[in-house]
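Asker: Provided herewith: start.csv, CSV, C-alpha atoms.
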```
chain,number,residue,atom,x,y,z
A,1,MET,CA,63.9,-29.6,24.9
A,2,GLN,CA,64.0,-31.1,28.4
A,3,HIS,CA,67.5,-32.6,28.2
A,4,LEU,CA,70.7,-31.8,26.4
A,5,THR,CA,73.6,-34.2,25.9
A,6,ILE,CA,76.9,-32.5,25.6
A,7,VAL,CA,79.8,-34.3,24.0
A,8,THR,CA,83.2,-32.7,24.6
A,9,THR,CA,86.2,-33.3,22.5
A,10,GLY,CA,88.7,-30.7,23.7
A,11,GLY,CA,89.8,-27.9,21.4
A,12,THR,CA,90.5,-24.3,22.1
A,13,ILE,CA,87.3,-23.8,24.2
A,14,ASP,CA,88.9,-26.0,26.9
A,15,LYS,CA,92.6,-25.0,26.5
A,16,ILE,CA,94.7,-23.8,29.4
A,17,TYR,CA,97.8,-21.8,28.4
A,18,PHE,CA,100.9,-21.7,30.4
A,19,ASP,CA,102.8,-19.0,28.5
A,20,ASP,CA,102.0,-16.6,25.7
A,21,LYS,CA,99.8,-19.0,23.9
A,22,SER,CA,102.6,-21.5,23.2
A,23,THR,CA,102.5,-24.2,25.8
A,24,PHE,CA,99.0,-25.5,26.6
A,25,GLN,CA,97.0,-28.5,27.7
A,26,ILE,CA,93.4,-29.3,27.2
A,27,GLY,CA,91.7,-28.8,30.5
A,28,GLU,CA,88.4,-30.0,32.0
A,29,PRO,CA,85.4,-29.2,29.9
A,30,GLN,CA,84.1,-25.7,30.6
A,31,ILE,CA,80.6,-26.0,29.2
A,32,GLY,CA,79.0,-27.4,32.3
A,33,GLU,CA,80.1,-24.6,34.5
A,34,ILE,CA,79.1,-22.1,31.8
A,35,LEU,CA,75.5,-23.5,31.6
A,36,GLU,CA,75.2,-23.7,35.4
A,37,ALA,CA,76.2,-20.1,35.7
A,38,LEU,CA,73.6,-19.1,33.1
A,39,GLY,CA,70.9,-21.0,35.0
A,40,VAL,CA,69.6,-22.9,32.0
A,41,ALA,CA,66.0,-24.3,32.3
A,42,PHE,CA,66.8,-27.8,31.0
A,43,THR,CA,68.8,-30.7,32.3
A,44,PHE,CA,72.1,-31.6,30.7
A,45,GLU,CA,74.9,-34.1,31.0
A,46,VAL,CA,78.5,-33.6,29.9
A,47,LEU,CA,80.1,-36.6,28.2
A,48,PRO,CA,83.8,-36.2,27.7
A,49,VAL,CA,84.9,-38.3,24.7
A,50,LEU,CA,88.3,-36.7,23.9
A,51,ARG,CA,90.6,-34.0,25.1
A,52,LYS,CA,92.5,-33.1,22.0
A,53,ASP,CA,93.4,-30.2,19.8
A,54,SER,CA,91.3,-30.8,16.7
A,55,LEU,CA,94.4,-30.7,14.5
A,56,HIS,CA,95.4,-34.0,16.1
A,57,MET,CA,92.0,-35.8,15.6
A,58,THR,CA,91.9,-38.9,13.5
A,59,ASP,CA,89.2,-40.8,11.7
A,60,ASP,CA,89.1,-43.2,14.7
A,61,ASP,CA,88.5,-40.2,17.0
A,62,ARG,CA,85.6,-39.1,14.7
A,63,ALA,CA,84.2,-42.6,14.8
A,64,ALA,CA,84.3,-42.5,18.6
A,65,ILE,CA,82.4,-39.2,18.7
A,66,ARG,CA,79.8,-40.7,16.3
A,67,ALA,CA,79.4,-43.8,18.4
A,68,ALA,CA,79.1,-41.7,21.6
A,69,ILE,CA,76.3,-39.7,20.0
A,70,GLU,CA,74.5,-42.8,18.6
A,71,GLY,CA,74.6,-44.4,22.0
A,72,GLN,CA,72.7,-41.5,23.7
A,73,PRO,CA,69.0,-41.9,24.2
A,74,HIS,CA,68.3,-38.2,23.9
A,75,ARG,CA,67.6,-36.3,20.6
A,76,HIS,CA,69.4,-33.1,21.3
A,77,VAL,CA,73.2,-33.2,21.3
A,78,LEU,CA,75.8,-30.3,21.5
A,79,VAL,CA,79.4,-31.1,20.6
A,80,THR,CA,82.2,-28.9,21.8
A,81,HIS,CA,85.1,-29.2,19.3
A,82,GLY,CA,88.2,-27.4,18.1
A,83,THR,CA,87.6,-25.1,15.2
A,84,ASP,CA,90.4,-26.2,12.9
A,85,THR,CA,88.7,-29.5,12.0
A,86,MET,CA,85.2,-28.9,13.2
A,87,VAL,CA,83.8,-29.0,9.6
A,88,GLU,CA,85.5,-32.4,8.9
A,89,THR,CA,84.0,-33.9,12.1
A,90,ALA,CA,80.5,-32.4,11.3
A,91,ARG,CA,80.7,-34.0,7.9
A,92,ALA,CA,81.7,-37.4,9.4
A,93,LEU,CA,78.6,-37.2,11.7
A,94,ALA,CA,76.1,-36.7,8.7
A,95,GLY,CA,73.2,-39.1,8.7
A,96,LEU,CA,72.7,-39.7,12.4
A,97,ALA,CA,69.1,-40.7,12.7
A,98,GLY,CA,66.7,-39.1,15.1
A,99,LYS,CA,69.3,-36.5,16.4
A,100,VAL,CA,69.8,-32.8,16.2
A,101,VAL,CA,73.6,-32.3,16.6
A,102,VAL,CA,75.2,-28.9,16.8
A,103,LEU,CA,79.0,-28.5,16.9
A,104,THR,CA,80.5,-25.4,18.4
A,105,GLY,CA,83.7,-24.2,19.8
A,106,ALA,CA,85.7,-21.0,20.5
A,107,LEU,CA,88.4,-19.1,18.7
A,108,ASN,CA,89.7,-18.2,22.2
A,109,PRO,CA,89.7,-20.3,25.3
A,110,ALA,CA,86.6,-20.0,27.6
A,111,LEU,CA,88.9,-19.0,30.4
A,112,PHE,CA,90.1,-15.9,28.5
A,113,LYS,CA,88.3,-12.6,29.0
A,114,GLY,CA,86.4,-11.7,25.9
A,115,SER,CA,86.3,-15.2,24.6
A,116,ASP,CA,83.6,-16.1,22.1
A,117,ALA,CA,82.9,-19.3,24.0
A,118,VAL,CA,79.8,-18.2,25.9
A,119,PHE,CA,78.2,-16.6,22.8
A,120,ASN,CA,78.9,-19.6,20.6
A,121,ILE,CA,77.5,-22.0,23.3
A,122,GLY,CA,74.3,-19.8,23.6
A,123,CYS,CA,73.8,-19.8,19.8
A,124,ALA,CA,74.3,-23.6,19.8
A,125,VAL,CA,71.8,-24.2,22.6
A,126,GLY,CA,69.2,-22.1,20.8
A,127,ALA,CA,69.9,-23.9,17.5
A,128,VAL,CA,69.8,-27.4,18.9
A,129,GLN,CA,66.3,-26.7,20.3
A,130,THR,CA,64.8,-25.3,17.1
A,131,LEU,CA,66.4,-27.1,14.1
A,132,PRO,CA,65.2,-30.3,12.5
A,133,ASP,CA,67.2,-33.5,12.8
A,134,GLY,CA,70.6,-33.2,11.2
A,135,VAL,CA,74.1,-31.9,11.9
A,136,TYR,CA,75.0,-28.2,12.1
A,137,ILE,CA,77.8,-25.9,13.1
A,138,ALA,CA,77.2,-22.8,15.3
A,139,MET,CA,80.0,-20.3,15.0
A,140,ASN,CA,80.3,-16.5,14.6
A,141,GLY,CA,76.6,-15.9,15.3
A,142,ARG,CA,75.4,-18.1,12.5
A,143,ILE,CA,74.2,-21.7,12.0
A,144,TRP,CA,76.1,-23.4,9.2
A,145,ASP,CA,75.4,-26.4,7.0
A,146,PRO,CA,78.7,-28.4,7.3
A,147,ALA,CA,78.6,-29.1,3.5
A,148,ARG,CA,78.7,-25.3,2.8
A,149,VAL,CA,81.1,-23.8,5.3
A,150,ARG,CA,84.8,-23.5,5.9
A,151,LYS,CA,87.1,-22.0,8.5
A,152,ASN,CA,89.0,-19.1,7.1
A,153,ARG,CA,92.1,-19.4,9.1
A,154,ASP,CA,93.6,-16.0,7.9
A,155,ALA,CA,90.5,-14.1,9.0
A,156,ASN,CA,89.9,-16.4,12.0
A,157,ARG,CA,86.2,-17.0,11.3
A,158,PHE,CA,83.8,-19.3,9.6
A,159,GLU,CA,82.4,-18.4,6.2
A,160,ALA,CA,80.3,-19.9,3.4
A,161,SER,CA,82.0,-22.2,0.9
A,162,ARG,CA,80.9,-24.0,-2.2
A,163,ALA,CA,81.9,-27.4,-1.0
```
Could I get this file's structure written as structure tokens?
Answerer:
Amino acid sequence: MQHLTIVTTGGTIDKIYFDDKSTFQIGEPQIGEILEALGVAFTFEVLPVLRKDSLHMTDDDRAAIRAAIEGQPHRHVLVTHGTDTMVETARALAGLAGKVVVLTGALNPALFKGSDAVFNIGCAVGAVQTLPDGVYIAMNGRIWDPARVRKNRDANRFEASRA
């Protein structure tokens, strides 16, 4: 992989909290700064499409994400996304021709110490380079098929499902 297109949609990974995790806004995408700090050996561009909590995403939002990905000339695409509806968006992206698309996010904001953001981004970058064309989710140290995963909100993790 020589080039990675990164589509950002908001979600917890980019949240900025103002008080005890109650009042927040979606800040600037953090992934570009993270990849620069890690000194990655490929070029990348960050394409902000949305700045939303995924609980507020609509079918129109998912269509906009799909159109943004379809409009990119590059094969490798990483999507940062809120975890609550990541599976729904991944399923809406199914069938994109000639693309490897990996969605990832964070259960804690990237700006928080101990956030899983950097780990999840690293897993997603490795996955997008090695997987065949298709749509995948990279969370909790695993690569998931969107048709066979769900977010367990009580345990705050992704796990296999029988979708």
Asker: Counting only C-alpha atoms, what is within 9 Å of Val102 of chain A, bar same-chain residues fewer than 5 positions away, as a tab-separated table (two decimals) with C-alpha atoms, in the coordinates of the input?
Answerer:
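To be explicit, this is the file written out as out.tsv:
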```
chain	number	residue	atom	x	y	z
A	76	HIS	CA	69.40	-33.10	21.30
A	77	VAL	CA	73.20	-33.20	21.30
A	78	LEU	CA	75.80	-30.30	21.50
A	79	VAL	CA	79.40	-31.10	20.60
A	80	THR	CA	82.20	-28.90	21.80
A	90	ALA	CA	80.50	-32.40	11.30
A	124	ALA	CA	74.30	-23.60	19.80
A	125	VAL	CA	71.80	-24.20	22.60
A	127	ALA	CA	69.90	-23.90	17.50
A	128	VAL	CA	69.80	-27.40	18.90
A	134	GLY	CA	70.60	-33.20	11.20
A	135	VAL	CA	74.10	-31.90	11.90
A	136	TYR	CA	75.00	-28.20	12.10
A	137	ILE	CA	77.80	-25.90	13.10
A	138	ALA	CA	77.20	-22.80	15.30
A	143	ILE	CA	74.20	-21.70	12.00
```
Asker: Do you know which residues are at most 12 Å from segment 67-69 of chain A counting all atoms listed in the file, after dropping those on the same chain fewer than 2 positions away, and could you put them as a ChimeraX atom specification?
Answerer: /A:4-9,46-50,60-65,71-79,92-103,135
Asker: Nearest to Gly122 of chain A among A:Thr12, A:Ser54, A:Thr43, A:Asn140, with distances taken over all atoms listed in the file: which residue is it?
Answerer: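 Nearest candidate to Gly122 of chain A out of A:Thr12, A:Ser54, A:Thr43, A:Asn140: A:Asn140.
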Asker: Have a look at A:Cys123, A:Val149, A:Val118, A:Ala160 and name the one nearest to Glu36 of chain A; count only C-alpha atoms.
Answerer: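 Among the listed residues, the smallest separation from Glu36 of chain A belongs to A:Val118.
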Asker: What does the structure give for the distance between atom CA of Asp14 of chain A and atom CA of Glu88 of chain A, in Å to one decimal?
Answerer: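 These two atoms are separated by 19.4 Å.
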Asker: Quick one: distance from atom CA of Gln30 of chain A to atom CA of Gly10 of chain A in Å, one decimal?
Answerer: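 Atom CA of Gly10 of chain A lies 9.7 Å from atom CA of Gln30 of chain A.
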Asker: What does the distance between atom CA of Ala106 of chain A and atom CA of Ala147 of chain A come to in Å, to one decimal place?
Answerer: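 So the two atoms, atom CA of Ala106 of chain A and atom CA of Ala147 of chain A, lie 20.1 Å apart.
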Asker: Around (82.4, -26.5, 17.3) in the file's own coordinates, what residues are found within 6 Å if you use only C-alpha atoms, given back as an MDAnalysis selection string?
Answerer: chainID A and resid 80:83 86 103:105
Asker: Restricting the calculation to all atoms listed in the file, which member of A:Glu45, A:Glu159, A:Asp53, A:Asp133 is positioned closest to Ile13 of chain A?
Answerer: A:Asp53
